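The file data.cif comes next; it holds mmCIF, C-alpha atoms.
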data_my_file
#
loop_
_atom_site.label_atom_id
_atom_site.label_comp_id
_atom_site.auth_asym_id
_atom_site.auth_seq_id
_atom_site.Cartn_x
_atom_site.Cartn_y
_atom_site.Cartn_z
CA VAL A 1 6.67 -20.14 -2.51
CA PHE A 2 9.96 -21.88 -3.38
CA GLN A 3 13.16 -20.44 -1.93
CA SER A 4 14.59 -20.22 -5.44
CA THR A 5 11.78 -17.79 -6.31
CA LEU A 6 12.47 -15.62 -3.28
CA ARG A 7 16.24 -15.66 -3.89
CA LYS A 8 15.78 -13.82 -7.19
CA TYR A 9 15.38 -10.67 -5.09
CA ARG A 10 18.19 -11.02 -2.55
CA ASP A 11 18.01 -7.35 -1.60
CA THR A 12 14.55 -7.92 -0.07
CA LEU A 13 13.76 -9.39 3.34
CA LEU A 14 12.19 -12.62 2.08
CA GLY A 15 15.01 -13.15 -0.41
CA SER A 16 17.84 -12.60 2.06
CA GLU A 17 19.39 -14.69 4.82
CA GLU A 18 17.68 -12.41 7.38
CA LEU A 19 14.49 -14.36 6.80
CA GLN A 20 15.90 -17.08 9.07
CA GLU A 21 15.58 -14.69 12.01
CA TYR A 22 11.81 -15.21 11.81
CA TYR A 23 12.01 -19.01 11.79
CA ASP A 24 10.09 -20.73 14.59
CA PRO A 25 11.62 -24.16 15.42
CA GLU A 26 8.49 -25.35 17.22
CA SER A 27 6.13 -24.85 14.29
CA GLY A 28 8.77 -25.30 11.62
CA GLU A 29 7.56 -22.13 9.89
CA HIS A 30 8.65 -18.54 9.37
CA ILE A 31 6.40 -16.23 11.40
CA ILE A 32 6.01 -12.58 10.36
CA ASP A 33 3.31 -10.44 11.91
CA THR A 34 1.71 -8.51 9.03
CA ASP A 35 -1.65 -7.98 7.34
CA PRO A 36 -2.60 -11.20 5.44
CA GLN A 37 -3.89 -9.26 2.45
CA ILE A 38 -0.70 -7.23 2.17
CA PHE A 39 1.44 -10.34 2.60
CA TYR A 40 -0.50 -12.07 -0.19
CA THR A 41 0.26 -9.08 -2.42
CA ILE A 42 3.94 -9.33 -1.48
CA LEU A 43 4.02 -13.04 -2.40
CA HIS A 44 2.30 -12.09 -5.64
CA PHE A 45 5.29 -9.80 -6.32
CA TYR A 46 7.71 -12.74 -6.21
CA GLN A 47 5.45 -15.11 -8.15
CA THR A 48 4.92 -12.64 -10.99
CA LYS A 49 8.55 -11.50 -11.11
CA GLY A 50 8.13 -7.91 -10.05
CA HIS A 51 4.43 -6.98 -10.10
CA LEU A 52 3.67 -5.09 -6.89
CA TYR A 53 0.33 -3.36 -6.35
CA CYS A 54 -1.37 -1.75 -3.39
CA PRO A 55 -4.64 -3.58 -2.56
CA PRO A 56 -7.66 -1.26 -3.01
CA SER A 57 -8.80 -1.82 0.58
CA ILE A 58 -5.41 -0.72 1.99
CA THR A 59 -4.29 2.91 2.16
CA GLU A 60 -1.10 3.64 0.23
CA GLU A 61 0.50 5.12 3.35
CA ARG A 62 -0.04 1.93 5.32
CA PHE A 63 1.05 -0.18 2.35
CA LEU A 64 4.32 1.76 2.04
CA ASP A 65 5.00 1.26 5.75
CA GLU A 66 4.52 -2.50 5.40
CA ILE A 67 6.61 -2.99 2.26
CA LYS A 68 9.36 -0.84 3.76
CA PHE A 69 9.78 -3.58 6.35
CA PHE A 70 10.06 -6.15 3.54
CA ARG A 71 12.49 -3.85 1.66
CA LEU A 72 10.26 -3.61 -1.40
CA THR A 73 9.71 0.15 -1.46
CA LYS A 74 11.94 0.82 -4.46
CA TYR A 75 10.08 -1.78 -6.55
CA PHE A 76 6.71 -0.25 -5.74
CA LEU A 77 7.89 3.29 -6.48
CA LYS A 78 9.45 2.15 -9.74
CA LEU A 79 6.22 0.55 -10.90
CA ASN A 80 4.10 3.47 -9.74
CA ASP A 81 6.30 6.39 -10.82
CA THR A 82 3.89 9.29 -11.22
CA SER A 83 6.44 12.00 -11.95
CA GLU A 84 5.64 14.31 -14.82
CA GLU A 85 8.60 13.00 -16.83
CA ALA A 86 7.59 9.36 -16.35
CA LEU A 87 3.99 10.03 -17.30
CA GLN A 88 5.10 11.94 -20.39
CA ASN A 89 7.40 9.14 -21.49
CA GLU A 90 4.68 6.55 -21.01
CA GLU A 91 2.16 8.63 -22.94
CA ASN A 92 4.58 9.11 -25.84
CA ALA A 93 5.54 5.43 -25.92
CA ARG A 94 2.04 3.99 -26.01
CA PRO A 95 -1.26 5.04 -27.61
CA LYS A 96 -3.55 6.78 -25.16
CA LYS A 97 -6.40 4.39 -25.95
CA ALA A 98 -4.21 1.42 -25.06
CA ASN A 99 -3.50 2.95 -21.64
CA LEU A 100 -7.20 3.54 -21.06
CA VAL A 101 -8.12 -0.03 -22.04
CA TRP A 102 -5.38 -1.52 -19.83
CA THR A 103 -6.44 0.56 -16.83
CA PHE A 104 -10.09 -0.34 -17.45
CA LEU A 105 -9.36 -4.07 -17.47
CA GLU A 106 -6.67 -4.25 -14.79
CA LYS A 107 -7.86 -1.65 -12.28
CA ALA A 108 -11.34 -2.65 -11.19
CA ASN A 109 -11.65 0.38 -8.95
CA SER A 110 -10.59 2.91 -11.61
CA SER A 111 -14.17 3.64 -12.72
CA ILE A 112 -17.77 2.48 -12.42
CA GLY A 113 -17.52 0.82 -15.83
CA ALA A 114 -14.40 -1.08 -14.78
CA ARG A 115 -16.15 -2.26 -11.63
CA ILE A 116 -19.17 -3.45 -13.65
CA TRP A 117 -16.82 -5.28 -16.02
CA SER A 118 -15.23 -7.02 -13.03
CA TYR A 119 -18.63 -8.12 -11.76
CA CYS A 120 -19.49 -9.48 -15.23
CA SER A 121 -16.18 -11.34 -15.27
CA ILE A 122 -16.79 -13.07 -11.96
CA VAL A 123 -20.36 -13.97 -13.00
CA CYS A 124 -19.06 -15.58 -16.19
CA ILE A 125 -16.42 -17.46 -14.22
CA LEU A 126 -19.00 -18.82 -11.78
CA LEU A 127 -21.36 -19.78 -14.61
CA ALA A 128 -18.61 -21.61 -16.50
CA VAL A 129 -17.45 -23.51 -13.41
CA THR A 130 -21.05 -24.32 -12.39
CA ILE A 131 -21.85 -25.74 -15.82
CA PHE A 132 -18.71 -27.87 -15.69
CA MET A 133 -19.75 -29.28 -12.28
CA VAL A 134 -23.39 -29.85 -13.22
CA GLU A 135 -22.39 -31.69 -16.40
CA THR A 136 -20.63 -34.32 -14.26
CA ILE A 137 -23.96 -35.46 -12.75
CA PRO A 138 -24.78 -38.74 -14.57
CA GLU A 139 -28.47 -37.97 -15.21
CA ILE A 140 -27.75 -34.52 -16.58
CA GLU A 141 -24.64 -35.66 -18.45
CA GLU A 142 -26.72 -37.99 -20.60
CA GLU A 143 -29.22 -35.27 -21.47
CA VAL A 144 -26.52 -32.70 -22.23
CA ALA A 145 -24.81 -35.23 -24.51
CA ASP A 146 -27.97 -35.35 -26.62
CA ASP A 147 -27.54 -32.64 -29.25
CA THR A 148 -31.31 -32.40 -29.74
CA SER A 149 -32.19 -31.73 -26.08
CA LEU A 150 -33.20 -28.31 -24.76
CA LEU A 151 -30.72 -28.59 -21.88
CA HIS A 152 -27.88 -29.11 -24.36
CA PHE A 153 -28.90 -25.94 -26.22
CA VAL A 154 -29.14 -23.90 -23.01
CA PHE A 155 -25.76 -25.06 -21.74
CA PHE A 156 -24.19 -24.41 -25.12
CA CYS A 157 -25.54 -20.84 -25.24
CA ILE A 158 -24.33 -20.04 -21.72
CA GLU A 159 -20.92 -21.56 -22.36
CA THR A 160 -20.53 -19.74 -25.69
CA THR A 161 -21.42 -16.41 -24.08
CA CYS A 162 -18.89 -16.92 -21.27
CA ILE A 163 -16.13 -18.02 -23.64
CA ALA A 164 -16.82 -15.05 -25.92
CA PHE A 165 -16.44 -12.73 -22.90
CA PHE A 166 -13.21 -14.44 -21.76
CA THR A 167 -11.75 -14.36 -25.29
CA LEU A 168 -12.56 -10.68 -25.77
CA GLU A 169 -11.07 -9.84 -22.39
CA PHE A 170 -7.87 -11.78 -23.11
CA ILE A 171 -7.38 -10.21 -26.55
CA LEU A 172 -7.95 -6.70 -25.21
CA ARG A 173 -5.48 -7.26 -22.37
CA ALA A 174 -2.87 -8.74 -24.73
CA PHE A 175 -3.04 -5.82 -27.18
CA SER A 176 -3.22 -3.06 -24.54
CA CYS A 177 -0.58 -4.34 -22.10
CA PRO A 178 2.33 -1.92 -21.43
CA GLN A 179 4.98 -4.60 -22.09
CA PHE A 180 4.00 -7.65 -24.12
CA ILE A 181 7.04 -9.67 -23.00
CA VAL A 182 6.08 -9.16 -19.35
CA PHE A 183 2.51 -10.10 -20.25
CA VAL A 184 3.66 -13.37 -21.85
CA LYS A 185 5.90 -14.25 -18.88
CA ASN A 186 3.08 -13.80 -16.38
CA ILE A 187 1.80 -17.28 -15.47
CA LEU A 188 -1.65 -15.89 -14.66
CA ASN A 189 -2.10 -14.85 -18.29
CA TRP A 190 -1.30 -18.39 -19.34
CA VAL A 191 -4.04 -19.53 -16.97
CA ASP A 192 -6.40 -17.24 -18.86
CA PHE A 193 -5.30 -18.62 -22.22
CA ILE A 194 -5.40 -22.28 -21.24
CA SER A 195 -8.81 -21.92 -19.59
CA ILE A 196 -10.52 -20.90 -22.85
CA LEU A 197 -8.87 -23.63 -24.94
CA PRO A 198 -11.42 -26.39 -24.12
CA TYR A 199 -14.22 -24.63 -25.97
CA TYR A 200 -12.29 -24.17 -29.20
CA ILE A 201 -10.77 -27.64 -28.99
CA GLY A 202 -14.30 -28.97 -28.56
CA LEU A 203 -15.40 -27.25 -31.77
CA ILE A 204 -12.57 -28.92 -33.69
CA PHE A 205 -12.63 -32.28 -31.91
CA PRO A 206 -16.19 -32.70 -30.53
CA GLY A 207 -16.68 -35.04 -27.58
CA GLY A 208 -13.07 -36.14 -27.40
CA ILE A 209 -9.88 -34.44 -26.37
CA ALA A 210 -11.67 -31.28 -25.21
CA HIS A 211 -12.86 -32.93 -22.00
CA ILE A 212 -9.25 -33.37 -20.89
CA PHE A 213 -8.86 -29.60 -20.76
CA VAL A 214 -12.27 -28.62 -19.39
CA VAL A 215 -11.10 -28.89 -15.77
CA LEU A 216 -8.54 -26.16 -16.46
CA ARG A 217 -11.40 -23.69 -16.72
CA VAL A 218 -11.54 -23.71 -12.92
CA LEU A 219 -8.14 -21.97 -13.01
CA ARG A 220 -9.89 -18.76 -14.05
CA VAL A 221 -10.97 -18.46 -10.43
CA VAL A 222 -7.28 -18.50 -9.45
CA ARG A 223 -6.55 -15.83 -12.07
CA TYR A 224 -9.33 -13.55 -10.88
CA TYR A 225 -8.79 -13.84 -7.15
CA GLY A 226 -5.05 -13.64 -7.67
CA SER A 227 -5.41 -10.05 -8.78
CA PRO A 228 -4.70 -7.53 -6.01
CA ASP A 229 -7.12 -5.10 -7.64
CA THR A 230 -10.16 -7.32 -7.37
CA PRO A 231 -13.03 -5.35 -5.80
CA THR A 232 -13.04 -5.92 -2.04
CA ALA A 233 -16.70 -6.90 -2.08
CA LEU A 234 -15.87 -9.94 -4.18
CA LYS A 235 -13.05 -11.22 -1.98
#

Would you write out, as structure tokens, the structure that this file holds?
Amino acid sequence: VFQSTLRKYRDTLLGSEELQEYYDPESGEHIIDTDPQIFYTILHFYQTKGHLYCPPSITEERFLDEIKFFRLTKYFLKLNDTSEEALQNEENARPKKANLVWTFLEKANSSIGARIWSYCSIVCILLAVTIFMVETIPEIEEEVADDTSLLHFVFFCIETTCIAFFTLEFILRAFSCPQFIVFVKNILNWVDFISILPYYIGLIFPGGIAHIFVVLRVLRVVRYYGSPDTPTALK
């Protein structure tokens, strides 16, 4: 993480000059003894400009103790304000169905259906990445390039199904997000958007420019595993 990113929150430990107290001259690194999963979530807070979530495998009590050390408590409480007034304001400001859809898509542990959706998402990601890798094998690449071959048809069906899932997921998240401006500013959402472009570019410009963007589909793995609410079993 760049220092300029950390400095945006100077009232926190990592964004203040106090961070230098944890600098180890021998290793040339800052050493802080904390849970790796929690620390990853804390870095995620800086990278996403204020998104702080408690990992599902960590108790909220322990999480609060850890982020208190990093002076992030007020940011977590602000994002997770469960007071009656806050909940009422949120409910009045946004349609109830939008809240339900957002929770379903973003909180994998909120329900059985949300967990199943998460599993389907990771399966589609793995299928899309696997197809991309297999297509680079010379022998298979030639057969896939033949529009009349069975392998071409199979790969096309799998890819179309995955892209349809990704597109539906992205559209639902975009329309149900609490704050669209925050959604647009989140780099991980751009990863989602860019990763589905190759398919549609390929439909418009077959066999040409699309292949330049195909590699970006691998970034969906970054998007999925970058979410603090990913089911623990998949991490």

Exercise. Can you tell me, as number ranges by chain, what residues are no more than 9 Å from stretch 60-68 of chain A when counting all atoms listed in the file, ignoring any on the same chain fewer than 2 positions away?
Worked result: A: 34-35, 38-39, 42, 54-56, 58, 70-74, 76

Seminar exercise, completed: In terms of all atoms listed in the file, the residue from A:Tyr119, A:Tyr40, A:Phe104, A:Phe156 at minimal distance from A:Cys177 is A:Phe104

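For the set A:Phe180, A:Arg115, A:Leu151, A:Lys97, the residue with the smallest atom-to-atom gap to A:Glu139 is A:Leu151, counting all atoms listed in the file.
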
Problem set entry | Ground truth for the PyMOL selection byres ((chain A and resi 144) around 12), written as a PyMOL selection string | chain A and resi 131-132+134-143+145-156+207

For this session: Give as a ChimeraX atom specification each residue that has an atom at most 12 Å from (6.1, -16.1, -8.5) in the file, counting all atoms listed in the file.
Result: /A:1-9,40-52,185-188,226

Problem set entry | Residues within 10 Å of A:Phe165, all atoms listed in the file, excluding chain neighbours under 3 positions, as a VMD selection string | chain A and resid 120 to 121 124 to 125 159 to 162 168 to 170

Problem set entry | Non-local contacts of A:Ala174 (12 Å; only C-alpha atoms; under 3 positions in same chain excluded) as a list of chain:residue names | A:Ala98, A:Val101, A:Trp102, A:Leu105, A:Glu106, A:Thr167, A:Leu168, A:Glu169, A:Phe170, A:Ile171, A:Cys177, A:Pro178, A:Gln179, A:Phe180, A:Ile181, A:Val182, A:Phe183, A:Val184, A:Lys185, A:Asn186, A:Asn189, A:Trp190, A:Asp192, A:Phe193

For this session: Take atom CA of A:Ile196 and atom CA of A:Val129 and report the distance between them in Å, one decimal.
Result: 12.0 Å

Centre, x/y/z edge lengths, axis-aligned box for stretch 178-192 of chain A with 5 Å per side, as JSON:
{"center_x": 0.3, "center_y": -10.7, "center_z": -19.4, "size_x": 23.4, "size_y": 27.6, "size_z": 19.5}

For this session: Rank A:Gln37, A:Thr59, A:Thr130, A:Ser176 by their smallest atom-to-atom distance to A:Thr103, using all atoms listed in the file, and report the top residue only.
Result: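 Among the listed residues, A:Ser176 lies closest to A:Thr103.
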
Problem set entry | One-decimal distance in Å that lies between atom CA of A:Ile163 and atom CA of A:Tyr200 |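 According to the coordinates, atom CA of A:Tyr200 and atom CA of A:Ile163 are separated by 9.1 Å.
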